[in-house]
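Chemist: Below you will find the structure I want to go over with you.
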Amino acid sequence: MVRLTINDQPVEVEEGTTVLEACTAAAIEVPTLCSVPFLEPHGACRMCTVNVSYNGTFSLTTACTVQAAEGMRVVTDDDDVRAARKVVLELLLARAPDAEVLHDLAREYGVEKSRFAVEPPEEEAESEAGPKKCILCGLCYRVCEQRVQAYAIGLVQRGADAEIAPPFGRPSDNCLACGACASVCPTGAITAVDRLGREIVHDELTLASNSAIRIPIKQAVPNVPYVDKTECIHFTQAEKGLDACRVCEDICPKEAIDLDAEEEEIELEVGTLIVATGFQTFDPRRIAEMGYGYLPNVVSSLEFEVMMRADGLTEGEALMEDGGKPGSIAILHCIGSRDKNYNRYCSRVCCMYSLKFAHLLKEKTDAEVFQFYIDMRTFGKGYEEFYDRLLDEGVFFVRGRGAEVTNVAERPEEEGKLIVCCEDTLIGAYRRVPVDMVVLATGLEPRADAQEVRRTFGIGCGAEGFFQEKHAKLAPVSTTTDGVFLAGACQGPKDIPDAVAQGSAAASQALALMDKGLVEIEPITAVIDEDVCCGCKICIGLCPYTAISFDEEKGASVVNDVLCKGCGTCVAACTTGAANQRHFKNEQLLAEIEGVLS
Amino acid sequence: MPDKFKFAFMPSASCGGCEIAIVDIDEVILKVAELADIVYWPTALDFKDHHLEALPDGSITVGFFNGAVRNDHDVHHAKLLRQKSAFVVAFGACAQMGGIPSLGNFWTTEELAHRMYDTVPSVNNPEGTRPQLKYDAPEGELTLPRAMDRAYALDQVIDVDYYLPGCPPQVKWIVAAVEAVASGELPPKGTVIAGTKAVCDECPRERSEEKQVTEFKRIHLVENDPEKCLLEQGIMCCGPATRDGCEAACVTAGQACRGCFGPTDNVNDMGAKLASAIASITVADAQEEADRILGHLDDPAGYFYRFGLAKSMLGVQRGEFKPEAE
C-alpha cells in the first residue's frame, strides 16, 4: 500500500494506482475527458492537470499518467491548477468550438472566449462537413486498438492538421460497426448511425434488449444479464483468433462476468420435475403469400411487440422501415393456426394480443387499424368486454382470413402500399385493403426439440406435438410418469393467466409428492430375462416411459422397475419372449382363455 | 463301449436338404460310421420298410426323422421309428415345426389337390384326373399313401426326445448331437440343440435404440447397408424372433433371416410375435398410412410362418391330430 495526501487529506491506495484513480477513490473530483478505466492512460486532454509534490520537487502534471507514490502530496484545485486548466480549455476550444462539454467546463473555469480561436473564413465554415467537436483525446482509436483490436481508425497527420480517420480516409474493412468509438467519445464528435441515419449507440439503453450484454426481458428469472455471442465484440473477434474487448469483465465491480466460461453439465438428483419448456412461434416465412421476409413493413407479432416496448429501439412507436409513421395498419389473425396446411389447432392467444395491439395503436397514433379474423375468440375473464371497448375505439374488424399480402397495385390508391386480400365473409365479397404496415399474428407451436425432451422425461406427446397431460380434465398437470409435471405452453397454447395457474398447480402437485417423500409404483411391471434377450433393442424405442435401457455388459435390455408402468408394449413387441409382464405371462393368459372356453 | 451305436435316418415330407446336411458333415461321417452302424437310410441305400420292421423294438440308439408328417405313410414311418428307437430326434425345421410343407395348412387338402391337379399353369388336365389310392394293375394292386387333412410336426404325431433345428440343420449342431450321444451327456428331454437367445445376439450388424420403419422393402430391390440392422433399413428380417446358433449365417451374408431355427423357448407362436413386433416398429400417424406401409409386406403369412405354421396357434385350429382316426 502507498500513502499520500490529496488536498491535505491522507489517502491510502494500492501500489500502481494512478493519482487520478486515487482522487476518484477519495471522492475528490478531477475533470477529465480522455480517461476511461478500461484503457491505458494517455494524458491527451490535459484537463486532469494537478499539482504534484514528491521528493522535494513539485510540478503541474496530468493526474492520469502519474502513479501514486509514498509521501506524495497532490493539490487538485488551487490557483496554479485552475490557471493551467483554463489554458488547456482555451486550446481545446480553439480546436473544437462546437463541443458542448467544453462549454460547460469553460463556464466553470471562467473562460469566456478562447484566445487561440481561429475564425475560419465564412465560405469554408459552410463547406465543412460538420460541427467541430473532436479534441483528439484518442479515446476512439485507443478503444479500437486496445479493446476491439479492429485497428479501423487512427490518428493521422500532425499538428493542427491532425485528425482521426480510417486508413487513407476510406471506410475500413476491419470496422465491425460496433460503435465502441462513438460510445467512448466524450464530445459526441463520432456518431454511429444506420443507413437511415438513426443512432445505433444508445447509452441510455444499457442492458436493453438490443445490447450485446442484456437482460432478456424485464420479468426474467433470474433477472441477470447474459452475453449474446452473436452481438458481442469479444466473440465476434474471437472468430478471427483475437482476444478482444473484455471491457465488461474489467469494469464489473463484482467480477461476475467470465467470458471464458463454458457450458457445463450439472447433474442434480431430484425427486420431482416440472417440464415448462414453452413454445416457439410459428415462422411466417412458411406462408410465402404473406410476404414476410421479402416485403417491407410486414412484421411478425413478436417484432411488433418489441416495437411497442417503451424501452425498445423505437421507444414504443410503430415505425416503418424508412422511419415513417404508418397511416394504416392491418393485423392478420391465425397465421399458422387453424389452418389445415400448417397447424389445425387454435393458438388461443392471438385474438387477444391482436386486440391489444389495436388498442395501443389507437391510444398512441391516429392510424387506421384493420383486424382480419376468422372469428373472435375472446373467451377469458374480461376479454369480451375488452373486445367491446375496441369496437367503440374505431378499429375496423373484417371477418375474413387474410389470404395474401402483396405490393402489386391494381388501383391508383394502392400504389406504394401493401395490399391485404381477403374474402369478407360478412358482406360476401372479395376485398383488397391497402395499408402501410402488416402485422402477422403468428401462432404458437411446440418447440422443435419437443420429441427429444419428451423422450428425456418419459412423457407423451399429442398429435400436434405438445406434451400430453395424464388426463384432460382430472389430471391436467400430471404426466404418465410419476413425479413429472407440466406447466405452461409446452402442454398446449395458453395465455399468461392460464400458464401461471398451471404452473402453480404443477408446483403444488410436486410439493405434495415431495412432502410425502415417496412414490407408489406399479406392482405389475415388465421384466426382461437377460438370458433370453438377444439385444435387438426393439423394445427400447417403443417404451413410452423410457423405462428400458440397454446393458452393454450383459448384452441385454433392462427394465427400470420404478419407471415401468406395466403397459405391456415391450412384452407384445418382444420377439424372443424375453420380456414378460408380471402376473400376465403367456402361460397365465393361455390358461385363462382355456378356462373361459372350457 | 459294449456295442456300436445304431443310427437310423428317416426321410419324410421333405425336400431332401436334410439328407444333404448329413452328408455335409464331410469326413466326420467316418467318425459316425466308426461310432455307430447306420441301420436304416433309404436315401443312401436300398432300405425298405420291412428292413426296419424286422429290427427289435428299441434297438436303434437314435432315430433321426426329417420332414413334416403329411400322409398316412409318414405316420406309419414315424410310429415305426419311435417303436424301434431309444431316442427320436426331429431333424430339421419341417420335423420340428412343420416347415415349408405346413404352409399348405392355410388350405384344405381338397383345395391343394384342386390347385395341383387343375389350376397350376403348367397342368393340362381337362378330365380332372386325380391320383387314386388304389389301382388294379395287371401286375397286382398298386397303392398310394393318403394325404391327411394337413401337415404335422413330428411331435404332434409321436413322442420326440430332441430337436435339431434349421433348414437344413447345421453341421456344428449335428456334430454336437452325435458327440452328446457318444459321451452319454444328454441334455434334458425336449431340448432344442442350438442356442437359447435370438439371432440378433450373434448378428454383427449395428442396432439403434430407435427402430422406426416407414417403408418395408424387398431385399433384392435395395442395396442394404452391411453395417446396419436390416429391420431398421425396412427389410423384413426374422432375426429377433429366431433362435440363434446359426452364427447369423444369412444376415452375415447380406440376406435377411428367414426364421428356420424356430422360436426361442419362451415363445409359443413365432408368427404372432413377429407380427406384433413389426406392427410395433411401424411408424404411422393414420390407419391409411399404416396400411400402406404394411402393404409392402407382400406375403405376411410366408414371412411370419415360413417354417412354423404346423406348430403355431393358427396351425392347430383345425383340431387335434387323431392318428387312430386316420
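Within each chain, counting starts at residue 1; across the C-alpha cells, chains are named A, B, ... in the order shown, with ligands numbered 1 upward in that order.
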Given only C-alpha atoms, how would the per-residue table for stretch 444-536 of chain A near stretch 334-340 of chain A read, listing every residue at most 12 Å away with its closest atom pair and distance in Å to one decimal, sorted by chain and number, as a Markdown table?

Modeler:
```
| residue | atom | partner | partner_atom | distance |
| --- | --- | --- | --- | --- |
| A:Leu444 | CA | A:Ser337 | CA | 7.7 |
| A:Glu445 | CA | A:Gly336 | CA | 8.8 |
| A:Glu464 | CA | A:Ser337 | CA | 11.5 |
| A:Pro493 | CA | A:Ser337 | CA | 10.6 |
```

Chemist: Just write the chosen residues, N, CA and C atoms, as a JSON list (two decimals), in the first residue's frame.

Modeler:
```
[["chain", "number", "residue", "atom", "x", "y", "z"],
["A", 444, "LEU", "N", -48.75, -20.30, -31.98],
["A", 444, "LEU", "CA", -47.80, -20.99, -31.08],
["A", 444, "LEU", "C", -47.59, -22.42, -31.58],
["A", 445, "GLU", "N", -46.36, -22.85, -31.49],
["A", 445, "GLU", "CA", -46.04, -24.21, -31.92],
["A", 445, "GLU", "C", -45.25, -24.93, -30.83],
["A", 464, "GLU", "N", -50.30, -32.98, -32.07],
["A", 464, "GLU", "CA", -49.74, -31.71, -32.53],
["A", 464, "GLU", "C", -48.30, -31.53, -32.06],
["A", 493, "PRO", "N", -51.13, -24.43, -26.31],
["A", 493, "PRO", "CA", -51.13, -22.97, -26.33],
["A", 493, "PRO", "C", -51.97, -22.43, -25.17]]
```

Chemist: When the cut-off is 8 Å and we count only C-alpha atoms, which residues of chain A are near chain B, given as a PyMOL selection string?

Modeler: chain A and resi 531-538+540-542+555+572-578

Chemist: Those selected residues, please, written with N, CA and C atoms and delivered as a PDB file, in the first residue's frame.

Modeler:
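Listing of result.pdb after writing:
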```pdb
ATOM      1  N   ASP A 531     -31.130 -63.784 -19.948  1.00  0.00           N
ATOM      2  CA  ASP A 531     -30.578 -64.986 -20.584  1.00  0.00           C
ATOM      3  C   ASP A 531     -31.210 -65.238 -21.945  1.00  0.00           C
ATOM      4  N   VAL A 532     -32.372 -64.656 -22.157  1.00  0.00           N
ATOM      5  CA  VAL A 532     -33.078 -64.894 -23.414  1.00  0.00           C
ATOM      6  C   VAL A 532     -32.965 -63.687 -24.342  1.00  0.00           C
ATOM      7  N   CYS A 533     -32.903 -62.479 -23.763  1.00  0.00           N
ATOM      8  CA  CYS A 533     -32.885 -61.259 -24.575  1.00  0.00           C
ATOM      9  C   CYS A 533     -31.716 -61.290 -25.558  1.00  0.00           C
ATOM     10  N   CYS A 534     -32.024 -61.003 -26.817  1.00  0.00           N
ATOM     11  CA  CYS A 534     -30.988 -61.067 -27.845  1.00  0.00           C
ATOM     12  C   CYS A 534     -30.407 -59.691 -28.130  1.00  0.00           C
ATOM     13  N   GLY A 535     -30.959 -58.655 -27.484  1.00  0.00           N
ATOM     14  CA  GLY A 535     -30.418 -57.314 -27.705  1.00  0.00           C
ATOM     15  C   GLY A 535     -30.822 -56.700 -29.025  1.00  0.00           C
ATOM     16  N   CYS A 536     -32.018 -57.025 -29.506  1.00  0.00           N
ATOM     17  CA  CYS A 536     -32.448 -56.444 -30.788  1.00  0.00           C
ATOM     18  C   CYS A 536     -32.849 -54.995 -30.608  1.00  0.00           C
ATOM     19  N   LYS A 537     -33.118 -54.555 -29.361  1.00  0.00           N
ATOM     20  CA  LYS A 537     -33.431 -53.176 -28.998  1.00  0.00           C
ATOM     21  C   LYS A 537     -34.780 -52.684 -29.526  1.00  0.00           C
ATOM     22  N   ILE A 538     -35.618 -53.574 -29.991  1.00  0.00           N
ATOM     23  CA  ILE A 538     -36.931 -53.138 -30.481  1.00  0.00           C
ATOM     24  C   ILE A 538     -37.715 -52.483 -29.342  1.00  0.00           C
ATOM     25  N   ILE A 540     -36.760 -50.861 -26.697  1.00  0.00           N
ATOM     26  CA  ILE A 540     -36.263 -49.616 -26.104  1.00  0.00           C
ATOM     27  C   ILE A 540     -36.947 -48.397 -26.711  1.00  0.00           C
ATOM     28  N   GLY A 541     -37.010 -48.371 -28.031  1.00  0.00           N
ATOM     29  CA  GLY A 541     -37.639 -47.224 -28.687  1.00  0.00           C
ATOM     30  C   GLY A 541     -39.140 -47.182 -28.467  1.00  0.00           C
ATOM     31  N   LEU A 542     -39.723 -48.325 -28.131  1.00  0.00           N
ATOM     32  CA  LEU A 542     -41.175 -48.376 -28.010  1.00  0.00           C
ATOM     33  C   LEU A 542     -41.672 -47.933 -26.650  1.00  0.00           C
ATOM     34  N   GLY A 555     -25.390 -57.410 -22.631  1.00  0.00           N
ATOM     35  CA  GLY A 555     -25.904 -57.567 -23.986  1.00  0.00           C
ATOM     36  C   GLY A 555     -27.406 -57.749 -23.994  1.00  0.00           C
ATOM     37  N   ALA A 572     -45.472 -57.205 -25.776  1.00  0.00           N
ATOM     38  CA  ALA A 572     -46.100 -57.547 -27.049  1.00  0.00           C
ATOM     39  C   ALA A 572     -45.079 -57.540 -28.170  1.00  0.00           C
ATOM     40  N   ALA A 573     -44.118 -56.602 -28.083  1.00  0.00           N
ATOM     41  CA  ALA A 573     -43.178 -56.454 -29.185  1.00  0.00           C
ATOM     42  C   ALA A 573     -42.000 -57.418 -29.076  1.00  0.00           C
ATOM     43  N   CYS A 574     -41.766 -57.971 -27.882  1.00  0.00           N
ATOM     44  CA  CYS A 574     -40.572 -58.796 -27.692  1.00  0.00           C
ATOM     45  C   CYS A 574     -40.692 -60.090 -28.481  1.00  0.00           C
ATOM     46  N   THR A 575     -39.772 -60.274 -29.408  1.00  0.00           N
ATOM     47  CA  THR A 575     -39.871 -61.406 -30.316  1.00  0.00           C
ATOM     48  C   THR A 575     -39.281 -62.679 -29.733  1.00  0.00           C
ATOM     49  N   THR A 576     -38.417 -62.530 -28.736  1.00  0.00           N
ATOM     50  CA  THR A 576     -37.791 -63.730 -28.187  1.00  0.00           C
ATOM     51  C   THR A 576     -38.561 -64.260 -26.987  1.00  0.00           C
ATOM     52  N   GLY A 577     -39.546 -63.482 -26.520  1.00  0.00           N
ATOM     53  CA  GLY A 577     -40.251 -63.889 -25.313  1.00  0.00           C
ATOM     54  C   GLY A 577     -39.447 -63.589 -24.063  1.00  0.00           C
ATOM     55  N   ALA A 578     -38.396 -62.759 -24.198  1.00  0.00           N
ATOM     56  CA  ALA A 578     -37.589 -62.406 -23.023  1.00  0.00           C
ATOM     57  C   ALA A 578     -38.366 -61.478 -22.115  1.00  0.00           C
TER      58      ALA A 578
END
```

Chemist: Excluding stretch 304-307 of chain B and its own-chain neighbours fewer than 3 positions away, which residues fall within 6 Å of it when counting only C-alpha atoms? Please give them as a VMD selection string.

Modeler: chain B and resid 99 to 100 260 271 300 to 301

Chemist: Residues of the last selection are to be written out with N, CA and C atoms, as a PDB file, in the first residue's frame.

Modeler:
```
ATOM      1  N   GLY B  99     -42.483 -76.910 -40.954  1.00  0.00           N
ATOM      2  CA  GLY B  99     -41.674 -76.394 -42.055  1.00  0.00           C
ATOM      3  C   GLY B  99     -42.477 -75.890 -43.237  1.00  0.00           C
ATOM      4  N   ILE B 100     -41.794 -75.819 -44.368  1.00  0.00           N
ATOM      5  CA  ILE B 100     -42.422 -75.299 -45.579  1.00  0.00           C
ATOM      6  C   ILE B 100     -43.695 -76.079 -45.943  1.00  0.00           C
ATOM      7  N   CYS B 260     -35.500 -70.096 -39.775  1.00  0.00           N
ATOM      8  CA  CYS B 260     -35.554 -71.563 -39.855  1.00  0.00           C
ATOM      9  C   CYS B 260     -35.245 -72.249 -38.533  1.00  0.00           C
ATOM     10  N   GLY B 271     -44.891 -66.580 -35.303  1.00  0.00           N
ATOM     11  CA  GLY B 271     -45.502 -65.671 -36.282  1.00  0.00           C
ATOM     12  C   GLY B 271     -46.242 -64.542 -35.604  1.00  0.00           C
ATOM     13  N   PRO B 300     -47.306 -61.737 -45.738  1.00  0.00           N
ATOM     14  CA  PRO B 300     -47.048 -61.796 -44.286  1.00  0.00           C
ATOM     15  C   PRO B 300     -47.055 -63.221 -43.749  1.00  0.00           C
ATOM     16  N   ALA B 301     -47.980 -64.055 -44.230  1.00  0.00           N
ATOM     17  CA  ALA B 301     -48.026 -65.423 -43.709  1.00  0.00           C
ATOM     18  C   ALA B 301     -46.718 -66.139 -44.024  1.00  0.00           C
TER      19      ALA B 301
END
```

Chemist: Contacts of B:His114 at 10 Å or less, counting only C-alpha atoms, minus same-chain residues fewer than 6 places along, as an mmCIF file with N, CA and C atoms, in the first residue's frame?

Modeler:
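Below you can see part-v7.cif, which holds the result:
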```
data_model
loop_
_atom_site.group_PDB
_atom_site.id
_atom_site.type_symbol
_atom_site.label_atom_id
_atom_site.label_comp_id
_atom_site.auth_asym_id
_atom_site.auth_seq_id
_atom_site.Cartn_x
_atom_site.Cartn_y
_atom_site.Cartn_z
ATOM 1 N N THR B 108 -57.354 -76.465 -47.342
ATOM 2 C CA THR B 108 -57.709 -77.859 -47.096
ATOM 3 C C THR B 108 -56.985 -78.718 -48.123
ATOM 4 N N VAL B 120 -52.810 -75.160 -61.690
ATOM 5 C CA VAL B 120 -51.424 -74.734 -61.879
ATOM 6 C C VAL B 120 -51.193 -74.501 -63.373
ATOM 7 N N GLY B 128 -59.876 -83.870 -65.351
ATOM 8 C CA GLY B 128 -59.857 -83.792 -63.887
ATOM 9 C C GLY B 128 -59.357 -85.075 -63.261
ATOM 10 N N ARG B 130 -57.360 -87.546 -61.056
ATOM 11 C CA ARG B 130 -56.701 -87.433 -59.762
ATOM 12 C C ARG B 130 -55.983 -88.727 -59.441
#
```

Chemist: Tell me which protein, DNA and RNA residues are within 7 Å of B:Pro169, counting only C-alpha atoms, leaving out same-chain ones fewer than 5 positions away, and put them as a PDB file with N, CA and C atoms, in the first residue's frame.

Modeler:
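That gives us around_22.pdb:
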```
ATOM      1  N   CYS B  18     -32.167 -82.004 -45.780  1.00  0.00           N
ATOM      2  CA  CYS B  18     -31.666 -82.517 -44.502  1.00  0.00           C
ATOM      3  C   CYS B  18     -30.706 -83.686 -44.732  1.00  0.00           C
ATOM      4  N   ALA B  21     -27.549 -82.405 -45.644  1.00  0.00           N
ATOM      5  CA  ALA B  21     -26.863 -81.870 -44.472  1.00  0.00           C
ATOM      6  C   ALA B  21     -26.095 -82.958 -43.749  1.00  0.00           C
ATOM      7  N   GLY B  92     -34.307 -81.057 -38.405  1.00  0.00           N
ATOM      8  CA  GLY B  92     -34.657 -80.008 -39.375  1.00  0.00           C
ATOM      9  C   GLY B  92     -35.980 -79.336 -39.052  1.00  0.00           C
ATOM     10  N   LEU B 164     -33.300 -80.926 -33.665  1.00  0.00           N
ATOM     11  CA  LEU B 164     -32.166 -80.271 -34.323  1.00  0.00           C
ATOM     12  C   LEU B 164     -32.761 -79.292 -35.325  1.00  0.00           C
ATOM     13  N   ILE B 174     -25.212 -80.846 -35.630  1.00  0.00           N
ATOM     14  CA  ILE B 174     -25.325 -82.290 -35.858  1.00  0.00           C
ATOM     15  C   ILE B 174     -24.187 -82.988 -35.118  1.00  0.00           C
TER      16      ILE B 174
END
```

Chemist: Could you pull out the strand (DSSP E) residues of stretch 300-474 of chain A, going by DSSP on the backbone, and write them as a PyMOL selection string?

Modeler: chain A and resi 300+328-335+368-373+396-399+402-406+418-424+429-435+437-442+444-446

Chemist: How would you write, as a PyMOL selection string, the set of residues in stretch 456-530 of chain A that DSSP gives as helix (DSSP H, G or I)?

Modeler: chain A and resi 456-457+488-490+496-516
